[in-house]
file final-v8.cif (mmCIF, C-alpha atoms)
data_coords
loop_
_atom_site.group_PDB
_atom_site.id
_atom_site.type_symbol
_atom_site.label_atom_id
_atom_site.label_comp_id
_atom_site.auth_asym_id
_atom_site.auth_seq_id
_atom_site.Cartn_x
_atom_site.Cartn_y
_atom_site.Cartn_z
ATOM 1 C CA MET F 1 59.095 -18.050 -27.515
ATOM 2 C CA ALA F 2 62.267 -18.799 -25.569
ATOM 3 C CA GLU F 3 61.945 -20.994 -22.502
ATOM 4 C CA LEU F 4 62.201 -19.334 -19.093
ATOM 5 C CA GLY F 5 65.454 -19.741 -17.189
ATOM 6 C CA PRO F 6 65.551 -21.733 -13.939
ATOM 7 C CA PHE F 7 65.265 -18.664 -11.713
ATOM 8 C CA CYS F 8 62.287 -17.225 -13.594
ATOM 9 C CA SER F 9 60.629 -20.663 -13.479
ATOM 10 C CA GLU F 10 61.055 -20.740 -9.693
ATOM 11 C CA LEU F 11 59.575 -17.242 -9.475
ATOM 12 C CA VAL F 12 56.588 -18.313 -11.578
ATOM 13 C CA ARG F 13 56.015 -21.199 -9.141
ATOM 14 C CA GLN F 14 56.061 -18.703 -6.260
ATOM 15 C CA VAL F 15 53.567 -16.453 -8.041
ATOM 16 C CA ARG F 16 51.244 -19.360 -8.894
ATOM 17 C CA ALA F 17 51.417 -20.555 -5.255
ATOM 18 C CA GLN F 18 49.643 -17.289 -4.318
ATOM 19 C CA ASP F 19 46.800 -18.083 -6.675
ATOM 20 C CA THR F 20 44.617 -20.000 -4.206
ATOM 21 C CA TYR F 21 41.534 -19.909 -6.429
ATOM 22 C CA GLY F 22 43.206 -20.856 -9.691
ATOM 23 C CA LEU F 23 42.225 -17.549 -11.320
ATOM 24 C CA TRP F 24 45.523 -17.452 -13.235
ATOM 25 C CA ASP F 25 45.446 -21.036 -14.483
ATOM 26 C CA GLY F 26 44.830 -19.792 -18.019
ATOM 27 C CA LYS F 27 47.664 -17.273 -17.887
ATOM 28 C CA LEU F 28 51.041 -17.845 -19.492
ATOM 29 C CA ASP F 29 54.146 -17.837 -17.293
ATOM 30 C CA VAL F 30 55.455 -14.705 -19.019
ATOM 31 C CA GLU F 31 52.184 -12.906 -18.313
ATOM 32 C CA LEU F 32 52.592 -13.635 -14.602
ATOM 33 C CA LEU F 33 56.095 -12.161 -14.684
ATOM 34 C CA GLY F 34 54.859 -9.050 -16.487
ATOM 35 C CA PRO F 35 54.504 -6.952 -13.305
ATOM 36 C CA PHE F 36 58.194 -7.638 -12.504
ATOM 37 C CA LEU F 37 59.224 -5.863 -15.697
ATOM 38 C CA ILE F 38 59.578 -2.095 -15.635
ATOM 39 C CA ASP F 39 61.659 -0.292 -18.195
ATOM 40 C CA LYS F 40 63.928 2.503 -17.039
ATOM 41 C CA ALA F 41 61.816 5.346 -18.396
ATOM 42 C CA LYS F 42 58.702 3.962 -16.705
ATOM 43 C CA ALA F 43 60.610 3.400 -13.442
ATOM 44 C CA ARG F 44 61.708 7.025 -13.373
ATOM 45 C CA GLU F 45 58.069 8.115 -13.526
ATOM 46 C CA ILE F 46 57.240 6.305 -10.265
ATOM 47 C CA PRO F 47 57.525 8.779 -7.380
ATOM 48 C CA VAL F 48 59.716 7.566 -4.507
ATOM 49 C CA ILE F 49 57.755 9.545 -1.938
ATOM 50 C CA GLY F 50 55.638 7.896 0.753
ATOM 51 C CA ASP F 51 55.227 4.193 1.431
ATOM 52 C CA PRO F 52 55.924 1.773 -1.412
ATOM 53 C CA ASP F 53 52.827 0.249 -3.008
ATOM 54 C CA PRO F 54 51.784 -3.013 -1.245
ATOM 55 C CA ALA F 55 51.831 -4.739 -4.663
ATOM 56 C CA VAL F 56 55.508 -3.865 -5.163
ATOM 57 C CA LEU F 57 56.308 -5.127 -1.655
ATOM 58 C CA ALA F 58 54.505 -8.368 -2.491
ATOM 59 C CA ARG F 59 56.626 -8.751 -5.653
ATOM 60 C CA LEU F 60 59.820 -8.046 -3.695
ATOM 61 C CA THR F 61 58.815 -10.731 -1.174
ATOM 62 C CA LEU F 62 58.103 -13.222 -3.978
ATOM 63 C CA PHE F 63 61.431 -12.445 -5.638
ATOM 64 C CA TYR F 64 63.418 -13.220 -2.470
ATOM 65 C CA ALA F 65 61.208 -16.233 -1.705
ATOM 66 C CA ALA F 66 62.206 -17.581 -5.143
ATOM 67 C CA VAL F 67 65.888 -16.907 -4.337
ATOM 68 C CA ALA F 68 65.455 -18.758 -1.003
ATOM 69 C CA LEU F 69 63.750 -21.745 -2.639
ATOM 70 C CA ALA F 70 66.385 -21.970 -5.370
ATOM 71 C CA ILE F 71 69.137 -21.935 -2.713
ATOM 72 C CA GLU F 72 67.380 -24.689 -0.795
ATOM 73 C CA LYS F 73 66.934 -26.838 -3.926
ATOM 74 C CA ARG F 74 70.589 -26.503 -4.878
ATOM 75 C CA SER F 75 72.175 -26.847 -1.413
ATOM 76 C CA GLY F 76 69.622 -28.844 0.569
ATOM 77 C CA ILE F 77 69.808 -26.166 3.276
ATOM 78 C CA MET F 78 66.726 -24.129 4.143
ATOM 79 C CA ALA F 79 67.082 -20.385 3.589
ATOM 80 C CA SER F 80 64.900 -18.017 5.652
ATOM 81 C CA PRO F 81 64.238 -14.517 4.296
ATOM 82 C CA LEU F 82 63.970 -11.522 6.608
ATOM 83 C CA MET F 83 63.135 -8.130 5.144
ATOM 84 C CA SER F 84 62.808 -4.739 6.722
ATOM 85 C CA ILE F 85 61.596 -1.766 4.671
ATOM 86 C CA THR F 86 61.247 1.775 5.910
ATOM 87 C CA GLY F 87 58.443 3.983 4.655
ATOM 88 C CA GLU F 88 60.887 5.795 2.406
ATOM 89 C CA GLY F 89 61.556 2.693 0.308
ATOM 90 C CA PHE F 90 64.914 1.897 1.872
ATOM 91 C CA GLY F 91 65.624 -1.326 3.650
ATOM 92 C CA ARG F 92 67.574 -4.486 3.965
ATOM 93 C CA VAL F 93 66.933 -8.109 3.192
ATOM 94 C CA VAL F 94 68.898 -11.096 4.427
ATOM 95 C CA LEU F 95 68.499 -14.788 3.727
ATOM 96 C CA THR F 96 69.877 -16.919 6.517
ATOM 97 C CA CYS F 97 70.968 -20.567 6.283
ATOM 98 C CA GLY F 98 71.550 -21.869 9.797
ATOM 99 C CA ARG F 99 74.024 -19.384 11.274
ATOM 100 C CA LEU F 100 75.140 -18.059 7.875
ATOM 101 C CA VAL F 101 73.998 -14.873 6.164
ATOM 102 C CA ALA F 102 73.755 -16.397 2.684
ATOM 103 C CA VAL F 103 72.330 -13.240 1.067
ATOM 104 C CA SER F 104 72.502 -9.665 2.332
ATOM 105 C CA LYS F 105 71.210 -6.797 0.239
ATOM 106 C CA THR F 106 70.603 -3.154 0.956
ATOM 107 C CA LEU F 107 67.398 -2.070 -0.765
ATOM 108 C CA ARG F 108 66.770 1.384 -2.135
ATOM 109 C CA ASP F 109 64.007 2.873 -4.255
ATOM 110 C CA VAL F 110 61.824 -0.121 -3.459
ATOM 111 C CA HIS F 111 58.965 1.828 -5.084
ATOM 112 C CA ARG F 112 60.654 1.155 -8.428
ATOM 113 C CA PHE F 113 61.508 -2.530 -7.891
ATOM 114 C CA GLY F 114 61.515 -4.230 -11.269
ATOM 115 C CA PHE F 115 63.709 -5.311 -14.146
ATOM 116 C CA PRO F 116 64.124 -3.967 -17.686
ATOM 117 C CA SER F 117 63.813 -7.461 -19.215
ATOM 118 C CA LEU F 118 63.221 -11.130 -18.428
ATOM 119 C CA GLU F 119 66.902 -11.743 -19.126
ATOM 120 C CA LYS F 120 67.896 -9.193 -16.509
ATOM 121 C CA LEU F 121 65.402 -10.672 -14.013
ATOM 122 C CA GLU F 122 66.828 -14.152 -14.610
ATOM 123 C CA ALA F 123 70.433 -12.926 -14.367
ATOM 124 C CA THR F 124 69.853 -10.968 -11.137
ATOM 125 C CA GLY F 125 68.078 -13.835 -9.380
ATOM 126 C CA ALA F 126 70.577 -16.427 -10.613
ATOM 127 C CA ALA F 127 73.520 -14.269 -9.462
ATOM 128 C CA LEU F 128 72.059 -13.983 -5.938
ATOM 129 C CA VAL F 129 71.611 -17.756 -5.821
ATOM 130 C CA GLU F 130 75.151 -18.450 -7.088
ATOM 131 C CA ASP F 131 76.653 -15.982 -4.633
ATOM 132 C CA ALA F 132 74.741 -17.597 -1.750
ATOM 133 C CA LEU F 133 75.946 -21.068 -2.804
ATOM 134 C CA THR F 134 79.538 -19.801 -2.760
ATOM 135 C CA TRP F 135 79.109 -18.551 0.803
ATOM 136 C CA ILE F 136 77.446 -21.814 1.846
ATOM 137 C CA GLU F 137 80.374 -23.767 0.439
ATOM 138 C CA LYS F 138 82.899 -21.466 2.109
ATOM 139 C CA PHE F 139 81.232 -21.482 5.524
ATOM 140 C CA ASN F 140 79.450 -24.807 5.442
ATOM 141 C CA ASP F 141 79.803 -25.358 9.208
ATOM 142 C CA ALA F 142 77.976 -22.107 9.951
ATOM 143 C CA ALA F 143 75.338 -22.828 7.272
ATOM 144 C CA THR F 144 74.512 -26.185 8.834
ATOM 145 C CA ALA F 145 74.723 -25.018 12.468
ATOM 146 C CA ASP F 146 71.837 -24.650 14.908
ATOM 147 C CA MET C 147 70.400 1.496 45.365
ATOM 148 C CA ALA C 148 72.250 -1.310 43.587
ATOM 149 C CA GLU C 149 74.306 -0.348 40.559
ATOM 150 C CA LEU C 150 72.966 -1.285 37.143
ATOM 151 C CA GLY C 151 74.559 -4.262 35.378
ATOM 152 C CA PRO C 152 76.581 -3.730 32.197
ATOM 153 C CA PHE C 153 73.694 -4.606 29.882
ATOM 154 C CA CYS C 154 71.231 -2.270 31.602
ATOM 155 C CA SER C 155 73.871 0.485 31.501
ATOM 156 C CA GLU C 156 74.242 -0.012 27.741
ATOM 157 C CA LEU C 157 70.455 0.133 27.359
ATOM 158 C CA VAL C 158 70.330 3.365 29.359
ATOM 159 C CA ARG C 159 72.924 4.858 26.996
ATOM 160 C CA GLN C 160 70.710 3.826 24.053
ATOM 161 C CA VAL C 161 67.664 5.428 25.654
ATOM 162 C CA ARG C 162 69.540 8.650 26.477
ATOM 163 C CA ALA C 163 70.847 8.799 22.889
ATOM 164 C CA GLN C 164 67.203 9.264 21.790
ATOM 165 C CA ASP C 165 66.845 12.282 24.034
ATOM 166 C CA THR C 166 67.982 14.920 21.543
ATOM 167 C CA TYR C 167 66.718 17.827 23.602
ATOM 168 C CA GLY C 168 68.059 16.700 26.974
ATOM 169 C CA LEU C 169 64.561 16.511 28.467
ATOM 170 C CA TRP C 170 65.551 13.445 30.519
ATOM 171 C CA ASP C 171 68.831 14.834 31.852
ATOM 172 C CA GLY C 172 67.311 15.076 35.322
ATOM 173 C CA LYS C 173 65.953 11.536 35.250
ATOM 174 C CA LEU C 174 67.616 8.629 37.013
ATOM 175 C CA ASP C 175 68.794 5.657 34.963
ATOM 176 C CA VAL C 176 66.259 3.380 36.662
ATOM 177 C CA GLU C 177 63.453 5.779 35.759
ATOM 178 C CA LEU C 178 64.424 5.533 32.087
ATOM 179 C CA LEU C 179 64.285 1.744 32.284
ATOM 180 C CA GLY C 180 60.857 1.851 33.945
ATOM 181 C CA PRO C 181 58.899 1.356 30.694
ATOM 182 C CA PHE C 182 60.882 -1.876 30.076
ATOM 183 C CA LEU C 183 59.449 -3.381 33.266
ATOM 184 C CA ILE C 184 56.043 -5.031 33.108
ATOM 185 C CA ASP C 185 54.986 -7.551 35.708
ATOM 186 C CA LYS C 186 53.231 -10.686 34.556
ATOM 187 C CA ALA C 187 49.754 -9.696 35.774
ATOM 188 C CA LYS C 188 50.020 -6.340 33.968
ATOM 189 C CA ALA C 189 51.373 -8.013 30.805
ATOM 190 C CA ARG C 190 48.369 -10.335 30.675
ATOM 191 C CA GLU C 191 46.059 -7.321 30.664
ATOM 192 C CA ILE C 192 47.577 -5.987 27.420
ATOM 193 C CA PRO C 193 45.481 -7.214 24.484
ATOM 194 C CA VAL C 194 47.517 -8.916 21.731
ATOM 195 C CA ILE C 195 45.068 -7.867 19.028
ATOM 196 C CA GLY C 196 45.979 -5.372 16.315
ATOM 197 C CA ASP C 197 49.319 -3.710 15.722
ATOM 198 C CA PRO C 198 51.727 -3.415 18.646
ATOM 199 C CA ASP C 199 51.990 0.078 20.135
ATOM 200 C CA PRO C 200 54.749 2.145 18.418
ATOM 201 C CA ALA C 201 56.244 2.816 21.882
ATOM 202 C CA VAL C 202 56.703 -0.907 22.515
ATOM 203 C CA LEU C 203 58.304 -1.324 19.083
ATOM 204 C CA ALA C 204 60.671 1.530 19.935
ATOM 205 C CA ARG C 205 61.642 -0.227 23.191
ATOM 206 C CA LEU C 206 62.179 -3.513 21.356
ATOM 207 C CA THR C 207 64.441 -1.705 18.873
ATOM 208 C CA LEU C 208 66.417 -0.072 21.706
ATOM 209 C CA PHE C 209 66.788 -3.408 23.488
ATOM 210 C CA TYR C 210 68.336 -5.083 20.432
ATOM 211 C CA ALA C 211 70.409 -1.987 19.656
ATOM 212 C CA ALA C 212 71.882 -2.343 23.157
ATOM 213 C CA VAL C 213 72.586 -6.041 22.500
ATOM 214 C CA ALA C 214 74.281 -5.089 19.207
ATOM 215 C CA LEU C 215 76.418 -2.386 20.853
ATOM 216 C CA ALA C 216 77.442 -4.694 23.704
ATOM 217 C CA ILE C 217 78.488 -7.358 21.165
ATOM 218 C CA GLU C 218 80.527 -4.792 19.268
ATOM 219 C CA LYS C 219 82.248 -3.535 22.423
ATOM 220 C CA ARG C 220 83.172 -7.051 23.518
ATOM 221 C CA SER C 221 84.190 -8.502 20.146
ATOM 222 C CA GLY C 222 85.253 -5.474 18.121
ATOM 223 C CA ILE C 223 82.929 -6.667 15.338
ATOM 224 C CA MET C 224 79.980 -4.533 14.281
ATOM 225 C CA ALA C 225 76.573 -6.172 14.735
ATOM 226 C CA SER C 226 73.672 -5.027 12.525
ATOM 227 C CA PRO C 227 70.117 -5.597 13.748
ATOM 228 C CA LEU C 228 67.309 -6.479 11.357
ATOM 229 C CA MET C 229 63.798 -6.844 12.674
ATOM 230 C CA SER C 230 60.556 -7.807 10.992
ATOM 231 C CA ILE C 231 57.279 -7.660 12.912
ATOM 232 C CA THR C 232 53.898 -8.620 11.556
ATOM 233 C CA GLY C 233 50.793 -6.748 12.648
ATOM 234 C CA GLU C 234 49.877 -9.618 14.945
ATOM 235 C CA GLY C 235 52.921 -9.059 17.143
ATOM 236 C CA PHE C 236 54.910 -11.967 15.745
ATOM 237 C CA GLY C 237 58.238 -11.547 14.085
ATOM 238 C CA ARG C 238 61.904 -12.266 13.942
ATOM 239 C CA VAL C 239 65.022 -10.353 14.797
ATOM 240 C CA VAL C 240 68.553 -11.173 13.713
ATOM 241 C CA LEU C 241 71.836 -9.473 14.507
ATOM 242 C CA THR C 242 74.437 -10.100 11.846
ATOM 243 C CA CYS C 243 78.224 -9.819 12.221
ATOM 244 C CA GLY C 244 79.792 -10.016 8.783
ATOM 245 C CA ARG C 245 78.397 -13.246 7.340
ATOM 246 C CA LEU C 246 77.410 -14.660 10.736
ATOM 247 C CA VAL C 247 73.958 -14.668 12.301
ATOM 248 C CA ALA C 248 75.142 -13.792 15.811
ATOM 249 C CA VAL C 249 71.630 -13.528 17.281
ATOM 250 C CA SER C 250 68.404 -14.989 15.920
ATOM 251 C CA LYS C 251 65.183 -14.730 17.878
ATOM 252 C CA THR C 252 61.597 -15.467 17.044
ATOM 253 C CA LEU C 253 59.386 -12.799 18.583
ATOM 254 C CA ARG C 254 55.891 -13.397 19.838
ATOM 255 C CA ASP C 255 53.421 -11.277 21.801
ATOM 256 C CA VAL C 256 55.492 -8.200 20.996
ATOM 257 C CA HIS C 257 52.585 -6.164 22.445
ATOM 258 C CA ARG C 258 53.684 -7.398 25.885
ATOM 259 C CA PHE C 259 57.445 -6.913 25.478
ATOM 260 C CA GLY C 260 58.897 -6.220 28.904
ATOM 261 C CA PHE C 261 60.573 -7.814 31.891
ATOM 262 C CA PRO C 262 59.329 -8.564 35.412
ATOM 263 C CA SER C 263 62.420 -6.990 37.025
ATOM 264 C CA LEU C 264 65.671 -5.163 36.300
ATOM 265 C CA GLU C 265 67.517 -8.369 37.193
ATOM 266 C CA LYS C 266 65.576 -10.278 34.535
ATOM 267 C CA LEU C 267 66.185 -7.499 31.972
ATOM 268 C CA GLU C 268 69.917 -7.593 32.734
ATOM 269 C CA ALA C 269 70.055 -11.394 32.604
ATOM 270 C CA THR C 270 68.140 -11.634 29.306
ATOM 271 C CA GLY C 271 70.265 -9.021 27.555
ATOM 272 C CA ALA C 272 73.514 -10.415 28.963
ATOM 273 C CA ALA C 273 72.591 -13.960 27.880
ATOM 274 C CA LEU C 274 71.941 -12.794 24.293
ATOM 275 C CA VAL C 275 75.331 -11.052 24.259
ATOM 276 C CA GLU C 276 77.172 -14.086 25.691
ATOM 277 C CA ASP C 277 75.483 -16.426 23.245
ATOM 278 C CA ALA C 278 76.437 -14.160 20.337
ATOM 279 C CA LEU C 279 80.063 -14.026 21.520
ATOM 280 C CA THR C 280 80.147 -17.844 21.611
ATOM 281 C CA TRP C 281 78.967 -17.985 17.979
ATOM 282 C CA ILE C 282 81.472 -15.303 16.965
ATOM 283 C CA GLU C 283 84.271 -17.321 18.550
ATOM 284 C CA LYS C 284 83.069 -20.534 16.935
ATOM 285 C CA PHE C 285 82.639 -19.074 13.439
ATOM 286 C CA ASN C 286 85.130 -16.238 13.538
ATOM 287 C CA ASP C 287 85.930 -16.470 9.815
ATOM 288 C CA ALA C 288 82.271 -15.927 8.893
ATOM 289 C CA ALA C 289 81.906 -13.133 11.489
ATOM 290 C CA THR C 290 84.827 -11.230 9.987
ATOM 291 C CA ALA C 291 83.949 -11.944 6.327
ATOM 292 C CA ASP C 292 82.708 -9.424 3.789
#

call {"tool": "encode", "arguments": {"input": "final-v8.cif", "output": "structure tokens"}}
result
Amino acid sequence: MAELGPFCSELVRQVRAQDTYGLWDGKLDVELLGPFLIDKAKAREIPVIGDPDPAVLARLTLFYAAVALAIEKRSGIMASPLMSITGEGFGRVVLTCGRLVAVSKTLRDVHRFGFPSLEKLEATGAALVEDALTWIEKFNDAATAD
Amino acid sequence: MAELGPFCSELVRQVRAQDTYGLWDGKLDVELLGPFLIDKAKAREIPVIGDPDPAVLARLTLFYAAVALAIEKRSGIMASPLMSITGEGFGRVVLTCGRLVAVSKTLRDVHRFGFPSLEKLEATGAALVEDALTWIEKFNDAATAD
């Protein structure tokens, strides 16, 4: 089995940090990432009516927490996530570093949050981290302000 | 009666914009701001247990929408509010201009959101706007990025 990429490893750490009672100690890392994987056909079956499932919101929070932690490890600057989701599964998430908006994403179809493969999960998380690091480099004064 | 300050006037415009059916056309501006005024003794009587009242959340949203609009009018740069409140009445609100965090506030005791007087409401809103304009001036490149 291929080793997990650095972003997926960070996400696994975030997931395991939720496991206060050690119930998942015997689980493999890839098992813990299983709920983040939804293939396109399965995603289409999820209705986007009503409030998103609390479990999907928890996964979304963990995903951006992993992005924030990865940014902090790479830049040394703390990133704070702030997420706002409407009942219809739309919303916005920002990660702020000092006075800088390091990440800003519009969310839609939150009900269907997931990735078709581990590779895609790794690539999406890593791209958000890289993009944030570019902004931090560009506006370092703002990122270190306050 | 003294004229309303510029921030309170902006807030009144925000409140009137909610009034789709013109039910408040006959109301004075100060009447519309009445629900934003809570004296300290009355505030202490409001329990901070459970979810904040939806009406108080609506007022909080209008208050920061007025701050955002005032920033935009003064700087020409659009400010987007993003608010996240936990059930316990804690939370955080940011107003972003481009890549800049123009306003960042930790919220507590949201249940009791209100001001002891119109003067205090005006001063609090105006101070948030002035502070944001200082950041926009300082980090203009970030504020106009993206």

call {"tool": "resolve_selection", "arguments": {"input": "final-v8.cif", "expression": "the PyMOL selection byres ((chain C and resi 181-185) around 8)", "output": "PyMOL selection string"}}
result
chain C and resi 178-180+186-189+205+258-264+267

call {"tool": "residues_around", "arguments": {"input": "final-v8.cif", "residues": "region 217-222 of chain C", "least_positions_apart": "6", "cutoff": "12 Å", "atoms": "only C-alpha atoms", "output": "VMD selection string"}}
result
chain C and resid 152 to 153 156 210 to 211 241 to 244 248 to 249 271 to 283 286 289 to 290

call {"tool": "calpha_fit_and_write", "arguments": {"input": "final-v8.cif", "fixed": "chain C", "moving": "chain F", "output": "compact mmCIF listing (two decimals) with C-alpha atoms, in the coordinates of the input"}}
result
# COMPACT_ATOMS: atom_id res chain seq x y z
CA MET F 1 70.31 1.42 45.39
CA ALA F 2 72.21 -1.34 43.60
CA GLU F 3 74.27 -0.35 40.59
CA LEU F 4 72.95 -1.29 37.15
CA GLY F 5 74.55 -4.24 35.40
CA PRO F 6 76.58 -3.73 32.21
CA PHE F 7 73.70 -4.61 29.89
CA CYS F 8 71.23 -2.28 31.60
CA SER F 9 73.87 0.48 31.51
CA GLU F 10 74.24 -0.01 27.75
CA LEU F 11 70.46 0.13 27.37
CA VAL F 12 70.32 3.37 29.37
CA ARG F 13 72.92 4.85 26.99
CA GLN F 14 70.72 3.84 24.05
CA VAL F 15 67.67 5.43 25.66
CA ARG F 16 69.53 8.65 26.49
CA ALA F 17 70.86 8.80 22.89
CA GLN F 18 67.22 9.28 21.79
CA ASP F 19 66.86 12.29 24.05
CA THR F 20 67.99 14.93 21.54
CA TYR F 21 66.73 17.85 23.62
CA GLY F 22 68.07 16.72 26.98
CA LEU F 23 64.56 16.52 28.47
CA TRP F 24 65.56 13.46 30.53
CA ASP F 25 68.83 14.84 31.87
CA GLY F 26 67.31 15.08 35.34
CA LYS F 27 65.95 11.54 35.26
CA LEU F 28 67.61 8.63 37.02
CA ASP F 29 68.79 5.66 34.96
CA VAL F 30 66.25 3.38 36.66
CA GLU F 31 63.44 5.78 35.76
CA LEU F 32 64.42 5.55 32.09
CA LEU F 33 64.27 1.75 32.29
CA GLY F 34 60.85 1.86 33.95
CA PRO F 35 58.90 1.36 30.70
CA PHE F 36 60.87 -1.88 30.08
CA LEU F 37 59.44 -3.37 33.26
CA ILE F 38 56.05 -5.03 33.11
CA ASP F 39 54.99 -7.54 35.71
CA LYS F 40 53.22 -10.68 34.58
CA ALA F 41 49.77 -9.67 35.76
CA LYS F 42 50.03 -6.32 33.98
CA ALA F 43 51.36 -8.01 30.82
CA ARG F 44 48.36 -10.32 30.70
CA GLU F 45 46.05 -7.29 30.66
CA ILE F 46 47.59 -5.98 27.42
CA PRO F 47 45.49 -7.21 24.48
CA VAL F 48 47.51 -8.92 21.74
CA ILE F 49 45.08 -7.86 19.04
CA GLY F 50 45.98 -5.38 16.30
CA ASP F 51 49.33 -3.71 15.71
CA PRO F 52 51.72 -3.42 18.64
CA ASP F 53 51.99 0.06 20.15
CA PRO F 54 54.75 2.14 18.43
CA ALA F 55 56.24 2.81 21.89
CA VAL F 56 56.70 -0.92 22.53
CA LEU F 57 58.30 -1.33 19.09
CA ALA F 58 60.66 1.52 19.94
CA ARG F 59 61.64 -0.23 23.20
CA LEU F 60 62.18 -3.52 21.36
CA THR F 61 64.44 -1.71 18.87
CA LEU F 62 66.41 -0.08 21.71
CA PHE F 63 66.78 -3.41 23.49
CA TYR F 64 68.34 -5.10 20.43
CA ALA F 65 70.41 -1.99 19.65
CA ALA F 66 71.88 -2.34 23.17
CA VAL F 67 72.58 -6.04 22.50
CA ALA F 68 74.29 -5.09 19.20
CA LEU F 69 76.42 -2.39 20.85
CA ALA F 70 77.45 -4.69 23.69
CA ILE F 71 78.49 -7.35 21.16
CA GLU F 72 80.53 -4.80 19.24
CA LYS F 73 82.25 -3.53 22.41
CA ARG F 74 83.19 -7.03 23.51
CA SER F 75 84.21 -8.50 20.12
CA GLY F 76 85.26 -5.47 18.09
CA ILE F 77 82.93 -6.67 15.32
CA MET F 78 79.97 -4.54 14.27
CA ALA F 79 76.57 -6.18 14.73
CA SER F 80 73.67 -5.04 12.51
CA PRO F 81 70.11 -5.61 13.75
CA LEU F 82 67.31 -6.49 11.34
CA MET F 83 63.79 -6.86 12.68
CA SER F 84 60.57 -7.80 10.99
CA ILE F 85 57.28 -7.66 12.91
CA THR F 86 53.89 -8.62 11.56
CA GLY F 87 50.79 -6.74 12.63
CA GLU F 88 49.86 -9.60 14.94
CA GLY F 89 52.91 -9.06 17.14
CA PHE F 90 54.91 -11.97 15.75
CA GLY F 91 58.24 -11.55 14.09
CA ARG F 92 61.90 -12.27 13.95
CA VAL F 93 65.03 -10.36 14.79
CA VAL F 94 68.56 -11.18 13.72
CA LEU F 95 71.84 -9.48 14.50
CA THR F 96 74.44 -10.10 11.84
CA CYS F 97 78.22 -9.83 12.22
CA GLY F 98 79.79 -10.02 8.77
CA ARG F 99 78.39 -13.26 7.33
CA LEU F 100 77.41 -14.66 10.74
CA VAL F 101 73.96 -14.67 12.31
CA ALA F 102 75.16 -13.80 15.82
CA VAL F 103 71.64 -13.53 17.28
CA SER F 104 68.41 -14.99 15.93
CA LYS F 105 65.19 -14.73 17.89
CA THR F 106 61.59 -15.48 17.05
CA LEU F 107 59.38 -12.81 18.60
CA ARG F 108 55.88 -13.40 19.84
CA ASP F 109 53.42 -11.28 21.80
CA VAL F 110 55.49 -8.20 20.99
CA HIS F 111 52.59 -6.17 22.44
CA ARG F 112 53.68 -7.41 25.87
CA PHE F 113 57.45 -6.92 25.47
CA GLY F 114 58.90 -6.22 28.89
CA PHE F 115 60.57 -7.80 31.89
CA PRO F 116 59.32 -8.56 35.41
CA SER F 117 62.41 -6.98 37.02
CA LEU F 118 65.67 -5.16 36.30
CA GLU F 119 67.51 -8.36 37.18
CA LYS F 120 65.58 -10.27 34.54
CA LEU F 121 66.18 -7.50 31.98
CA GLU F 122 69.92 -7.58 32.73
CA ALA F 123 70.05 -11.39 32.61
CA THR F 124 68.15 -11.64 29.30
CA GLY F 125 70.27 -9.02 27.55
CA ALA F 126 73.53 -10.40 28.96
CA ALA F 127 72.59 -13.95 27.88
CA LEU F 128 71.95 -12.80 24.29
CA VAL F 129 75.33 -11.05 24.25
CA GLU F 130 77.17 -14.07 25.69
CA ASP F 131 75.49 -16.43 23.24
CA ALA F 132 76.45 -14.16 20.32
CA LEU F 133 80.07 -14.02 21.52
CA THR F 134 80.16 -17.83 21.60
CA TRP F 135 78.98 -17.98 17.98
CA ILE F 136 81.49 -15.31 16.96
CA GLU F 137 84.29 -17.31 18.54
CA LYS F 138 83.09 -20.54 16.92
CA PHE F 139 82.66 -19.08 13.44
CA ASN F 140 85.14 -16.23 13.54
CA ASP F 141 85.93 -16.48 9.81
CA ALA F 142 82.28 -15.95 8.90
CA ALA F 143 81.91 -13.14 11.48
CA THR F 144 84.83 -11.23 9.97
CA ALA F 145 83.96 -11.95 6.32
CA ASP F 146 82.70 -9.46 3.75

call {"tool": "atom_distance", "arguments": {"input": "final-v8.cif", "atom1": "CA of Val94 (chain F)", "atom2": "CA of Pro200 (chain C)"}}
result
23.9 Å

call {"tool": "interface_residues", "arguments": {"input": "final-v8.cif", "of": "chain F", "to": "chain C", "cutoff": "6 Å", "atoms": "all atoms listed in the file", "output": "ChimeraX atom specification"}}
result
/F:84,99-101

call {"tool": "axis_aligned_box", "arguments": {"input": "final-v8.cif", "around": "region 97-112 of chain F", "padding_each_side": "5 Å", "output": "lines of an AutoDock Vina configuration file"}}
result
center_x = 67.1
center_y = -9.5
center_z = 1.4
size_x = 26.2
size_y = 34.7
size_z = 29.7

call {"tool": "atom_distance", "arguments": {"input": "final-v8.cif", "atom1": "CA of Leu208 (chain C)", "atom2": "CA of Met224 (chain C)"}}
result
16.1 Å

call {"tool": "resolve_selection", "arguments": {"input": "final-v8.cif", "expression": "the PyMOL selection byres ((chain C and resi 160) around 12)", "output": "PyMOL selection string"}}
result
chain C and resi 153-159+161-166+175+178-179+204-216

call {"tool": "closest_residue", "arguments": {"input": "final-v8.cif", "among": "F:Gly5, F:Pro81, F:Asp109, F:Glu31", "to": "Asp51 (chain F)", "atoms": "all atoms listed in the file"}}
result
F:Asp109

call {"tool": "resolve_selection", "arguments": {"input": "final-v8.cif", "expression": "the PyMOL selection byres ((chain F and resi 50) around 7)", "output": "PyMOL selection string"}}
result
chain F and resi 48-49+51-52+87-88

call {"tool": "atom_distance", "arguments": {"input": "final-v8.cif", "atom1": "CA of Pro193 (chain C)", "atom2": "CA of Leu253 (chain C)"}}
result
16.1 Å
